[in-house]
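Undergrad: The following file, entry.cif, comprises mmCIF, C-alpha atoms and all ligand atoms:
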data_data
loop_
_atom_site.label_atom_id
_atom_site.label_comp_id
_atom_site.auth_asym_id
_atom_site.auth_seq_id
_atom_site.Cartn_x
_atom_site.Cartn_y
_atom_site.Cartn_z
CA MET F 799 139.70 -116.52 -170.90
CA SER F 800 139.76 -117.36 -167.20
CA LYS F 801 139.09 -115.34 -164.08
CA LEU F 802 142.26 -115.50 -161.99
CA LEU F 803 143.21 -114.10 -158.59
CA VAL F 804 146.75 -113.08 -157.71
CA THR F 805 147.44 -112.31 -154.05
CA GLY F 806 150.50 -110.11 -153.72
CA GLY F 807 149.94 -108.86 -157.27
CA ALA F 808 151.48 -105.45 -156.48
CA GLY F 809 154.76 -107.05 -155.43
CA PHE F 810 157.90 -107.91 -157.36
CA ILE F 811 156.99 -111.39 -158.66
CA GLY F 812 153.20 -110.95 -158.43
CA SER F 813 153.19 -107.86 -160.65
CA HIS F 814 155.17 -109.66 -163.38
CA LEU F 815 152.73 -112.57 -163.13
CA VAL F 816 149.73 -110.24 -163.42
CA ASP F 817 151.26 -108.57 -166.50
CA LYS F 818 151.67 -111.96 -168.17
CA LEU F 819 148.14 -113.16 -167.32
CA VAL F 820 146.58 -109.88 -168.51
CA HIS F 821 148.69 -110.04 -171.68
CA ASP F 822 147.38 -113.56 -172.31
CA GLY F 823 143.83 -112.20 -172.18
CA HIS F 824 142.69 -113.33 -168.75
CA GLU F 825 140.53 -111.42 -166.29
CA VAL F 826 142.76 -110.77 -163.29
CA VAL F 827 141.91 -109.67 -159.77
CA ILE F 828 144.62 -108.63 -157.31
CA ILE F 829 144.49 -108.74 -153.53
CA ASP F 830 147.33 -106.77 -151.94
CA ASN F 831 147.63 -104.54 -148.89
CA LEU F 832 150.53 -102.57 -150.42
CA SER F 833 152.72 -103.23 -147.37
CA THR F 834 155.73 -103.92 -149.59
CA GLY F 835 154.00 -103.84 -152.99
CA LYS F 836 153.80 -100.69 -155.08
CA LYS F 837 150.81 -99.02 -156.71
CA GLU F 838 152.84 -98.25 -159.83
CA TYR F 839 153.46 -101.97 -160.41
CA ILE F 840 149.73 -102.72 -160.60
CA ASN F 841 148.61 -103.50 -164.12
CA PRO F 842 145.83 -101.00 -164.96
CA ARG F 843 143.87 -103.72 -166.76
CA ALA F 844 143.60 -105.81 -163.58
CA ARG F 845 141.01 -105.19 -160.84
CA PHE F 846 142.75 -104.15 -157.64
CA GLU F 847 141.31 -104.96 -154.21
CA GLN F 848 143.35 -103.32 -151.46
CA LYS F 849 142.76 -105.89 -148.75
CA ASP F 850 144.71 -107.78 -146.12
CA ILE F 851 144.86 -111.59 -146.28
CA ARG F 852 144.82 -111.67 -142.47
CA ASP F 853 141.18 -110.47 -142.62
CA TYR F 854 139.18 -113.49 -143.80
CA ALA F 855 135.79 -111.73 -143.95
CA SER F 856 137.10 -108.98 -146.20
CA ILE F 857 138.83 -111.26 -148.73
CA GLU F 858 136.25 -114.06 -148.97
CA PRO F 859 133.88 -112.28 -151.44
CA VAL F 860 136.76 -111.61 -153.87
CA PHE F 861 137.10 -115.36 -154.57
CA LYS F 862 133.61 -115.64 -156.11
CA GLY F 863 133.79 -117.01 -159.65
CA VAL F 864 137.58 -117.32 -159.59
CA GLU F 865 139.00 -120.30 -161.48
CA ALA F 866 142.56 -120.28 -160.12
CA VAL F 867 144.45 -118.50 -157.35
CA PHE F 868 148.12 -117.64 -157.35
CA HIS F 869 148.95 -117.05 -153.70
CA LEU F 870 152.05 -114.86 -153.55
CA ALA F 871 151.13 -112.39 -150.79
CA ALA F 872 153.50 -112.78 -147.87
CA ASP F 873 155.84 -110.89 -145.65
CA ALA F 874 158.91 -112.21 -147.42
CA ARG F 875 161.46 -110.34 -145.30
CA LEU F 876 163.46 -113.04 -143.59
CA GLN F 877 164.92 -110.62 -141.04
CA MET F 878 161.43 -109.27 -140.24
CA SER F 879 160.30 -112.81 -139.40
CA ILE F 880 163.07 -112.92 -136.78
CA ASP F 881 162.40 -109.40 -135.46
CA ASP F 882 158.60 -109.72 -135.44
CA PRO F 883 157.58 -113.39 -135.61
CA LEU F 884 154.00 -112.78 -134.45
CA THR F 885 152.98 -110.35 -137.19
CA THR F 886 154.79 -112.26 -139.93
CA HIS F 887 153.21 -115.53 -138.77
CA ALA F 888 149.76 -113.93 -139.03
CA THR F 889 150.42 -112.91 -142.65
CA ASN F 890 152.36 -115.94 -143.83
CA VAL F 891 150.54 -118.75 -142.03
CA THR F 892 147.08 -117.52 -141.01
CA GLY F 893 146.90 -115.48 -144.23
CA THR F 894 147.67 -118.60 -146.27
CA LEU F 895 145.05 -120.57 -144.36
CA ASN F 896 142.53 -117.79 -145.08
CA VAL F 897 143.34 -117.88 -148.79
CA LEU F 898 143.05 -121.68 -148.96
CA TYR F 899 139.78 -121.70 -147.04
CA ALA F 900 138.24 -118.94 -149.18
CA ALA F 901 139.40 -120.80 -152.32
CA HIS F 902 137.83 -124.02 -151.06
CA LYS F 903 134.54 -122.27 -150.21
CA ALA F 904 134.41 -120.66 -153.66
CA GLY F 905 135.12 -123.93 -155.52
CA VAL F 906 138.41 -122.69 -157.00
CA LYS F 907 139.98 -125.27 -159.34
CA LYS F 908 143.67 -124.68 -158.57
CA VAL F 909 145.76 -122.85 -155.98
CA VAL F 910 149.41 -122.22 -156.79
CA PHE F 911 151.32 -121.34 -153.61
CA ALA F 912 154.60 -119.41 -153.57
CA SER F 913 156.87 -121.30 -151.21
CA SER F 914 160.59 -120.81 -150.81
CA CYS F 915 163.92 -122.63 -150.70
CA ALA F 916 164.16 -121.19 -147.16
CA VAL F 917 162.20 -124.27 -146.02
CA TYR F 918 165.28 -126.46 -146.48
CA GLY F 919 167.63 -124.97 -143.89
CA ASP F 920 171.33 -125.67 -144.02
CA ILE F 921 171.57 -129.00 -145.84
CA GLU F 922 175.07 -130.00 -146.83
CA LYS F 923 174.12 -132.34 -149.64
CA LEU F 924 173.44 -130.46 -152.86
CA PRO F 925 171.48 -130.12 -155.05
CA LEU F 926 168.42 -129.64 -152.85
CA LYS F 927 165.67 -132.11 -153.69
CA GLU F 928 162.03 -131.99 -152.67
CA THR F 929 162.37 -135.37 -150.90
CA MET F 930 164.98 -134.04 -148.45
CA GLN F 931 164.10 -133.48 -144.80
CA CYS F 932 163.44 -129.78 -144.17
CA SER F 933 164.80 -127.95 -141.17
CA PRO F 934 164.13 -124.22 -141.67
CA LEU F 935 166.53 -121.81 -139.97
CA SER F 936 164.14 -118.84 -139.72
CA PRO F 937 160.49 -118.29 -138.81
CA TYR F 938 159.98 -117.26 -142.45
CA GLY F 939 161.21 -120.66 -143.69
CA LEU F 940 158.96 -122.37 -141.17
CA HIS F 941 155.97 -120.26 -142.28
CA LYS F 942 156.49 -121.39 -145.86
CA TYR F 943 156.83 -125.00 -144.73
CA MET F 944 153.53 -124.72 -142.87
CA GLY F 945 151.92 -123.16 -145.94
CA GLU F 946 153.03 -126.14 -148.03
CA GLN F 947 151.58 -128.52 -145.47
CA TYR F 948 148.28 -126.62 -145.44
CA CYS F 949 148.21 -126.94 -149.24
CA ARG F 950 148.69 -130.70 -148.97
CA VAL F 951 146.03 -131.06 -146.27
CA PHE F 952 143.50 -128.99 -148.22
CA ALA F 953 144.14 -131.10 -151.33
CA ASN F 954 143.59 -134.32 -149.37
CA LEU F 955 140.75 -133.26 -147.10
CA PHE F 956 138.76 -130.90 -149.28
CA CYS F 957 139.85 -131.96 -152.79
CA LEU F 958 141.13 -128.43 -153.41
CA PRO F 959 143.80 -128.83 -156.12
CA THR F 960 146.98 -127.21 -154.83
CA VAL F 961 150.63 -127.06 -155.80
CA ALA F 962 153.48 -125.42 -153.88
CA LEU F 963 156.39 -123.98 -155.83
CA ARG F 964 159.63 -123.54 -153.91
CA PHE F 965 161.12 -120.47 -155.53
CA PHE F 966 164.88 -120.09 -155.15
CA ASN F 967 166.45 -116.59 -155.38
CA VAL F 968 164.31 -114.69 -157.83
CA PHE F 969 165.90 -111.76 -159.65
CA GLY F 970 164.89 -109.36 -162.40
CA PRO F 971 163.37 -105.93 -163.03
CA ARG F 972 161.41 -104.28 -160.16
CA LYS F 973 163.50 -106.06 -157.53
CA THR F 974 164.72 -103.20 -155.37
CA ALA F 975 167.46 -103.00 -152.78
CA ASP F 976 165.04 -101.94 -150.06
CA GLY F 977 162.05 -104.26 -150.61
CA ALA F 978 161.45 -107.79 -149.43
CA TYR F 979 164.35 -110.24 -149.59
CA PRO F 980 167.13 -107.64 -149.59
CA MET F 981 169.11 -109.22 -152.34
CA VAL F 982 172.69 -108.87 -153.29
CA ILE F 983 172.10 -107.91 -156.96
CA PRO F 984 169.98 -104.76 -156.43
CA ILE F 985 172.14 -103.80 -153.44
CA PHE F 986 175.31 -104.04 -155.54
CA LEU F 987 173.70 -102.14 -158.44
CA LYS F 988 172.63 -99.35 -156.08
CA GLN F 989 176.07 -99.17 -154.47
CA ARG F 990 177.83 -99.07 -157.85
CA ALA F 991 175.50 -96.32 -159.11
CA ALA F 992 176.30 -94.26 -155.98
CA GLY F 993 180.06 -94.83 -156.47
CA GLU F 994 180.26 -96.87 -153.23
CA SER F 995 182.04 -100.18 -152.56
CA MET F 996 179.93 -103.33 -152.94
CA THR F 997 179.40 -104.92 -149.52
CA ILE F 998 180.43 -108.58 -149.41
CA VAL F 999 178.81 -110.45 -146.52
CA GLY F 1000 181.40 -112.61 -144.69
CA ASP F 1001 183.85 -114.33 -147.03
CA GLY F 1002 181.51 -113.93 -150.01
CA GLU F 1003 181.83 -117.60 -150.91
CA GLN F 1004 178.21 -118.36 -149.90
CA THR F 1005 176.10 -119.24 -152.91
CA ARG F 1006 172.54 -118.83 -154.08
CA ASP F 1007 170.60 -120.33 -156.96
CA TYR F 1008 169.27 -117.40 -158.99
CA VAL F 1009 166.18 -117.82 -161.12
CA HIS F 1010 164.87 -115.04 -163.35
CA VAL F 1011 161.41 -113.63 -162.64
CA ARG F 1012 160.25 -114.41 -166.21
CA ASP F 1013 161.08 -118.07 -165.60
CA VAL F 1014 159.24 -117.99 -162.27
CA VAL F 1015 156.15 -116.52 -163.96
CA ALA F 1016 156.33 -119.28 -166.58
CA ALA F 1017 156.50 -121.87 -163.78
CA CYS F 1018 153.40 -120.39 -162.09
CA VAL F 1019 151.46 -120.56 -165.35
CA ALA F 1020 152.68 -124.11 -166.03
CA ALA F 1021 151.65 -125.19 -162.51
CA TRP F 1022 148.17 -123.74 -163.02
CA GLN F 1023 147.72 -125.40 -166.41
CA SER F 1024 149.23 -128.77 -165.45
CA ALA F 1025 147.31 -131.72 -164.08
CA VAL F 1026 149.38 -131.50 -160.87
CA GLY F 1027 147.18 -130.63 -157.89
CA GLY F 1028 147.65 -133.01 -154.98
CA GLY F 1029 149.67 -130.62 -152.84
CA GLU F 1030 152.89 -131.44 -154.69
CA ILE F 1031 156.00 -129.47 -153.78
CA ILE F 1032 158.21 -128.46 -156.70
CA ASN F 1033 161.55 -126.60 -156.74
CA ILE F 1034 161.79 -123.64 -159.11
CA GLY F 1035 165.48 -122.89 -159.45
CA ASN F 1036 168.21 -122.75 -162.03
CA GLY F 1037 170.29 -125.67 -160.82
CA ARG F 1038 173.43 -123.55 -160.62
CA GLN F 1039 175.33 -122.01 -157.68
CA ILE F 1040 176.53 -118.42 -157.93
CA SER F 1041 178.53 -116.87 -155.07
CA ILE F 1042 178.46 -113.26 -153.89
CA ASN F 1043 182.09 -112.99 -155.02
CA ASP F 1044 181.06 -114.25 -158.50
CA ILE F 1045 178.48 -111.47 -158.81
CA ALA F 1046 180.93 -108.81 -157.61
CA ARG F 1047 183.44 -110.07 -160.18
CA MET F 1048 180.85 -110.07 -162.99
CA LEU F 1049 179.79 -106.50 -162.14
CA GLY F 1050 183.32 -105.24 -161.42
CA GLY F 1051 184.24 -102.48 -158.98
CA PRO F 1052 185.56 -102.01 -155.41
CA THR F 1053 184.27 -104.21 -152.56
CA LYS F 1054 184.33 -104.19 -148.75
CA THR F 1055 183.44 -106.87 -146.20
CA ILE F 1056 180.52 -106.75 -143.72
CA PRO F 1057 179.64 -109.34 -141.01
CA GLU F 1058 177.49 -112.40 -141.72
CA ARG F 1059 173.84 -112.57 -140.57
CA LYS F 1060 172.20 -115.37 -138.59
CA GLY F 1061 169.39 -117.52 -139.98
CA GLU F 1062 170.76 -117.73 -143.51
CA MET F 1063 171.77 -120.77 -145.50
CA ARG F 1064 175.38 -120.98 -146.76
CA PHE F 1065 175.22 -122.89 -150.04
CA ILE F 1066 172.14 -123.29 -152.20
CA GLU F 1067 171.55 -125.17 -155.41
CA ALA F 1068 168.23 -126.52 -156.64
CA SER F 1069 167.47 -129.77 -158.33
CA ASN F 1070 164.86 -128.82 -160.91
CA ALA F 1071 164.30 -132.34 -162.22
CA LYS F 1072 160.80 -132.52 -160.72
CA ALA F 1073 159.72 -129.25 -162.34
CA LYS F 1074 161.03 -130.52 -165.67
CA ARG F 1075 159.19 -133.79 -165.25
CA LEU F 1076 155.85 -132.62 -163.85
CA LEU F 1077 155.50 -129.11 -165.27
CA LYS F 1078 157.57 -129.48 -168.45
CA TRP F 1079 159.30 -126.33 -167.18
CA LYS F 1080 162.93 -125.41 -167.45
CA PRO F 1081 164.74 -122.11 -166.86
CA LYS F 1082 165.40 -120.15 -170.03
CA VAL F 1083 167.16 -117.00 -168.82
CA LYS F 1084 170.90 -117.46 -168.26
CA PHE F 1085 172.15 -115.67 -165.14
CA GLU F 1086 174.72 -113.57 -167.01
CA ASP F 1087 172.06 -112.40 -169.51
CA GLY F 1088 169.60 -111.48 -166.76
CA LEU F 1089 172.32 -109.58 -164.91
CA ARG F 1090 173.42 -107.72 -168.07
CA GLU F 1091 169.80 -106.72 -168.69
CA LEU F 1092 169.59 -105.24 -165.18
CA VAL F 1093 172.84 -103.33 -165.48
CA GLY F 1094 171.65 -101.86 -168.77
CA SER F 1095 168.21 -100.84 -167.45
P1 LIG M 1101 157.05 -108.76 -152.44
O1 LIG M 1101 157.18 -108.28 -151.04
O2 LIG M 1101 157.51 -107.88 -153.54
O3 LIG M 1101 155.55 -109.22 -152.72
C1 LIG M 1101 154.67 -109.63 -151.69
C2 LIG M 1101 153.38 -108.87 -151.85
O4 LIG M 1101 152.47 -109.31 -150.83
C3 LIG M 1101 153.55 -107.36 -151.69
O5 LIG M 1101 152.94 -106.69 -152.77
C4 LIG M 1101 152.85 -107.04 -150.37
O6 LIG M 1101 152.29 -105.75 -150.35
C5 LIG M 1101 151.81 -108.16 -150.30
N1 LIG M 1101 151.40 -108.45 -148.92
C6 LIG M 1101 152.20 -108.63 -147.84
N2 LIG M 1101 151.45 -108.86 -146.75
C7 LIG M 1101 150.15 -108.84 -147.15
C8 LIG M 1101 148.92 -109.01 -146.48
N3 LIG M 1101 148.87 -109.24 -145.16
N4 LIG M 1101 147.76 -108.92 -147.20
C9 LIG M 1101 147.81 -108.67 -148.54
N5 LIG M 1101 148.95 -108.50 -149.23
C10 LIG M 1101 150.11 -108.58 -148.54
O7 LIG M 1101 157.84 -110.16 -152.51
P2 LIG M 1101 158.18 -111.07 -153.77
O8 LIG M 1101 159.63 -111.18 -153.85
O9 LIG M 1101 157.40 -110.64 -154.96
O10 LIG M 1101 157.62 -112.47 -153.28
C11 LIG M 1101 156.38 -113.03 -153.73
C12 LIG M 1101 156.20 -114.39 -153.08
O11 LIG M 1101 157.26 -115.25 -153.48
C13 LIG M 1101 156.22 -114.36 -151.56
O12 LIG M 1101 155.28 -115.29 -151.09
C14 LIG M 1101 157.63 -114.79 -151.22
O13 LIG M 1101 157.68 -115.37 -149.94
C15 LIG M 1101 157.89 -115.79 -152.32
N6 LIG M 1101 159.32 -115.97 -152.61
C16 LIG M 1101 160.06 -114.95 -153.14
C17 LIG M 1101 161.40 -115.16 -153.44
C18 LIG M 1101 162.28 -114.09 -154.02
O14 LIG M 1101 163.45 -114.35 -154.28
N7 LIG M 1101 161.78 -112.89 -154.29
C19 LIG M 1101 161.99 -116.43 -153.18
C20 LIG M 1101 161.20 -117.43 -152.62
C21 LIG M 1101 159.87 -117.20 -152.37
#
Have the structure of the file written as structure tokens, please.
Ligand code: NAD
TA:
Amino acid sequence: MSKLLVTGGAGFIGSHLVDKLVHDGHEVVIIDNLSTGKKEYINPRARFEQKDIRDYASIEPVFKGVEAVFHLAADARLQMSIDDPLTTHATNVTGTLNVLYAAHKAGVKKVVFASSCAVYGDIEKLPLKETMQCSPLSPYGLHKYMGEQYCRVFANLFCLPTVALRFFNVFGPRKTADGAYPMVIPIFLKQRAAGESMTIVGDGEQTRDYVHVRDVVAACVAAWQSAVGGGEIINIGNGRQISINDIARMLGGPTKTIPERKGEMRFIEASNAKAKRLLKWKPKVKFEDGLRELVGS
């Protein structure tokens, strides 16, 4: 049994991760300020510390005796990073620095950082590989890029084992239409349930690489348990493009078109060869099965 800390453990992905770690018999502590996370997602068998990662002094004591940290707390709303870059920078960049520094001070043995495919920017050559030059289109993507670089520097300078996982579009239960990352699937499900048309952004041909939250949790655990810890950056995606039109077709029902937003990538597909090689991880949930599960829930 290990003592593990999950920042953002009241959020969509973090709460699934906490459930898994608790289920596996570990002692889990959560840091979350509940800005987008929900109290009802918090596993009652975990210890909950309602704190803000921007406040170093308040979070530092929580790291005492912790073996590994999963750093998922972030303001993950891409549009918010454009509307309010100062506040989101404080959470996503300074907050990440605070977490890394507190982990280093406490002698933590591994930090797993939740990065994002938003670091890539609009790259025409697919699939996206970790060796490609990043050119983020939004402050959010840049924040995640800086977080990755901090992980690398802390591994090199302070021998703090770190690994950054670039999550692609994560979907699954607890992902709501109004939370972080307003995502097409929960939006479409909500619209269908209300008898409204599904809103297709632009021509609907833009694609994303959807990875199920259970697979993402498995990747986090694999990253913690692996020998990888030199600030490596690893894609966590399915390796398959799905367009907005594809999802509308799979769900079925009327659609209408709304204008495109700025700061978003057009086509996305992950190479997950590195995750397979270094973490012995591969996605198990097929998109159609994950979608069917959500429709039925
Ligand atoms: P989420 O918003 O559901 O979870 C983030 C959690 O962090 C929330 O519980 C929120 O309350 C907490 N938080 C925010 N600011 C905080 C602060 N200052 N102090 C303490 N806690 C704070 O988002 P999610 O989808 O679960 O994302 C989890 C992580 O994965 C994030 O780092 C996100 O950037 C990353 N990510 C998510 C996706 C995706 O598709 N959902 C894709 C790529 C990367």
Undergrad: Please identify all polymer residues lying at most 6 Å from the point (166.9, -130.6, -144.5) (file coordinates), using only C-alpha atoms, and present the result as a list in words.
TA: Tyr918, Gly919, Ile921, Met930, Gln931, Cys932 and Ser933 of chain F
Undergrad: Pick out the closest residue to Val968 in chain F from this set: F:Ala953, F:Ala888, F:Leu1089, F:Ile998. Count only C-alpha atoms.
TA: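 Among the listed residues, the smallest separation from Val968 in chain F belongs to F:Leu1089.
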Undergrad: Can you list every residue of chain F that has an atom at most 7 Å from ligand LIG 1101 (chain M), with its nearest atom pair and the distance in Å to one decimal, using all atoms listed in the file, ordered by chain then number, as a Markdown table?
TA:
| residue | atom | partner | partner_atom | distance |
| --- | --- | --- | --- | --- |
| F:Thr805 | CA | M:LIG1101 | N5 | 6.3 |
| F:Gly806 | CA | M:LIG1101 | O4 | 3.6 |
| F:Gly807 | CA | M:LIG1101 | O5 | 5.8 |
| F:Ala808 | CA | M:LIG1101 | O5 | 4.2 |
| F:Gly809 | CA | M:LIG1101 | O5 | 3.2 |
| F:Phe810 | CA | M:LIG1101 | O9 | 3.7 |
| F:Ile811 | CA | M:LIG1101 | O9 | 3.8 |
| F:Gly812 | CA | M:LIG1101 | O9 | 5.5 |
| F:Ile829 | CA | M:LIG1101 | C9 | 6.0 |
| F:Asp830 | CA | M:LIG1101 | N5 | 3.6 |
| F:Asn831 | CA | M:LIG1101 | C9 | 4.1 |
| F:Leu832 | CA | M:LIG1101 | O6 | 3.6 |
| F:Ser833 | CA | M:LIG1101 | O6 | 3.9 |
| F:Thr834 | CA | M:LIG1101 | O6 | 4.0 |
| F:Gly835 | CA | M:LIG1101 | O5 | 3.0 |
| F:Lys836 | CA | M:LIG1101 | O5 | 6.5 |
| F:Lys849 | CA | M:LIG1101 | C9 | 5.8 |
| F:Asp850 | CA | M:LIG1101 | N4 | 3.4 |
| F:Ile851 | CA | M:LIG1101 | N4 | 4.0 |
| F:Arg852 | CA | M:LIG1101 | N3 | 5.4 |
| F:Leu870 | CA | M:LIG1101 | O12 | 4.1 |
| F:Ala871 | CA | M:LIG1101 | O4 | 3.4 |
| F:Ala872 | CA | M:LIG1101 | C6 | 4.3 |
| F:Asp873 | CA | M:LIG1101 | C6 | 4.8 |
| F:Ala874 | CA | M:LIG1101 | O13 | 4.2 |
| F:Thr889 | CA | M:LIG1101 | N3 | 4.7 |
| F:Gly893 | CA | M:LIG1101 | N3 | 6.6 |
| F:Ala912 | CA | M:LIG1101 | O12 | 4.9 |
| F:Ser913 | CA | M:LIG1101 | C21 | 5.2 |
| F:Ser914 | CA | M:LIG1101 | C20 | 3.9 |
| F:Cys915 | CA | M:LIG1101 | C20 | 6.2 |
| F:Arg964 | CA | M:LIG1101 | C20 | 6.4 |
| F:Phe965 | CA | M:LIG1101 | C20 | 4.2 |
| F:Phe966 | CA | M:LIG1101 | C19 | 5.1 |
| F:Asn967 | CA | M:LIG1101 | O14 | 3.9 |
| F:Val968 | CA | M:LIG1101 | O14 | 3.7 |
| F:Phe969 | CA | M:LIG1101 | O14 | 6.4 |
| F:Gly977 | CA | M:LIG1101 | O1 | 6.3 |
| F:Ala978 | CA | M:LIG1101 | O1 | 4.6 |
| F:Tyr979 | CA | M:LIG1101 | N7 | 6.0 |
Undergrad: Within 7 Å of range 1047-1064 of chain F, which residues of range 844-953 of chain F show up? Give each one with its shortest atom-to-atom distance in Å (one decimal) and the two atoms involved, counting all atoms listed in the file, rows by chain then rising residue number, as JSON lines.
TA:
{"residue": "F:Gly919", "atom": "CA", "partner": "F:Met1063", "partner_atom": "CA", "distance": 6.1}
{"residue": "F:Asp920", "atom": "CA", "partner": "F:Met1063", "partner_atom": "CA", "distance": 5.1}
{"residue": "F:Leu935", "atom": "CA", "partner": "F:Gly1061", "partner_atom": "CA", "distance": 5.2}
{"residue": "F:Ser936", "atom": "CA", "partner": "F:Gly1061", "partner_atom": "CA", "distance": 5.4}
Undergrad: Please, which residues in range 869-936 of chain F fall within 12 Å of range 1070-1077 of chain F when counting all atoms listed in the file, and what is the closest atom pair and distance in Å to one decimal for each, ordered by chain then residue number, as a Markdown table?
TA:
| residue | atom | partner | partner_atom | distance |
| --- | --- | --- | --- | --- |
| F:Cys915 | CA | F:Asn1070 | CA | 12.0 |
| F:Leu924 | CA | F:Asn1070 | CA | 11.9 |
| F:Pro925 | CA | F:Asn1070 | CA | 8.9 |
| F:Leu926 | CA | F:Asn1070 | CA | 8.8 |
| F:Lys927 | CA | F:Asn1070 | CA | 8.0 |
| F:Glu928 | CA | F:Lys1072 | CA | 8.2 |
| F:Thr929 | CA | F:Lys1072 | CA | 10.3 |
Undergrad: By how many Å are CA of Asn1036 in chain F and CA of Gly1000 in chain F apart?
TA: 24.0 Å
Undergrad: Please tabulate, as CSV, the residues of range 899-977 of chain F that come within 10 Å of range 1020-1024 of chain F, each with its closest pair of atoms and the distance in Å to one decimal, counting only C-alpha atoms and ordering rows by chain, then residue number upward.
TA:
residue,atom,partner,partner_atom,distance
F:Lys907,CA,F:Trp1022,CA,9.1
F:Lys908,CA,F:Trp1022,CA,6.4
F:Val909,CA,F:Trp1022,CA,7.5
F:Val910,CA,F:Trp1022,CA,6.5
F:Phe911,CA,F:Ala1021,CA,9.7
F:Pro959,CA,F:Trp1022,CA,9.6
F:Thr960,CA,F:Trp1022,CA,9.0
F:Val961,CA,F:Ala1021,CA,7.0
F:Ala962,CA,F:Ala1021,CA,8.8
F:Leu963,CA,F:Ala1021,CA,8.3
Undergrad: As a list in words, please: the residues near Glu1067 in chain F (cut-off 6 Å, all atoms listed in the file, same-chain neighbours under 6 positions excluded).
TA: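 Returned residues: Pro925, Asp1007, Gly1037, Arg1038 and Gln1039 of chain F.
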Undergrad: Taking all atoms listed in the file into account, which of F:Ile985, F:Val860, F:Val1019, F:Tyr1008 comes nearest Gln848 in chain F?
TA: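 Selected residue with least distance to Gln848 in chain F: F:Val860.
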Undergrad: What does the distance from CA of Leu955 in chain F to CA of Ile857 in chain F come to in Å, to one decimal?
TA: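 Distance reported for this atom pair: 22.1 Å.
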Undergrad: Can you pull out the residues contacting range 843-845 of chain F? Cut-off 10 Å, using all atoms listed in the file, and skip same-chain residues under 6 positions away; I want them as a VMD selection string.
TA: chain F and resid 802 to 804 807 816 to 817 819 to 821 824 to 829
Undergrad: Those same residues, written as a short mmCIF file (atom, residue, chain, number, x, y, z; two decimals), in the coordinates of the input with C-alpha atoms?
TA:
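Writing the result to selection_3.cif gives the following:
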data_model
loop_
_atom_site.label_atom_id
_atom_site.label_comp_id
_atom_site.auth_asym_id
_atom_site.auth_seq_id
_atom_site.Cartn_x
_atom_site.Cartn_y
_atom_site.Cartn_z
CA LEU F 802 142.26 -115.50 -161.99
CA LEU F 803 143.21 -114.10 -158.59
CA VAL F 804 146.75 -113.08 -157.71
CA GLY F 807 149.94 -108.86 -157.27
CA VAL F 816 149.73 -110.24 -163.42
CA ASP F 817 151.26 -108.57 -166.50
CA LEU F 819 148.14 -113.16 -167.32
CA VAL F 820 146.58 -109.88 -168.51
CA HIS F 821 148.69 -110.04 -171.68
CA HIS F 824 142.69 -113.33 -168.75
CA GLU F 825 140.53 -111.42 -166.29
CA VAL F 826 142.76 -110.77 -163.29
CA VAL F 827 141.91 -109.67 -159.77
CA ILE F 828 144.62 -108.63 -157.31
CA ILE F 829 144.49 -108.74 -153.53
#
Undergrad: Find the spatial neighbours of Ile1040 in chain F, counting all atoms listed in the file, within a cut-off of 10 Å - ignore same-chain residues fewer than 5 positions away - and output them as a ChimeraX atom specification.
TA: /F:1003-1008,1045,1065-1067,1085
Undergrad: Tell me, in Å to one decimal, how far CA of Phe861 in chain F is from CA of Ala904 in chain F.
TA: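 Calculated distance between CA of Phe861 in chain F and CA of Ala904 in chain F is 6.0 Å.
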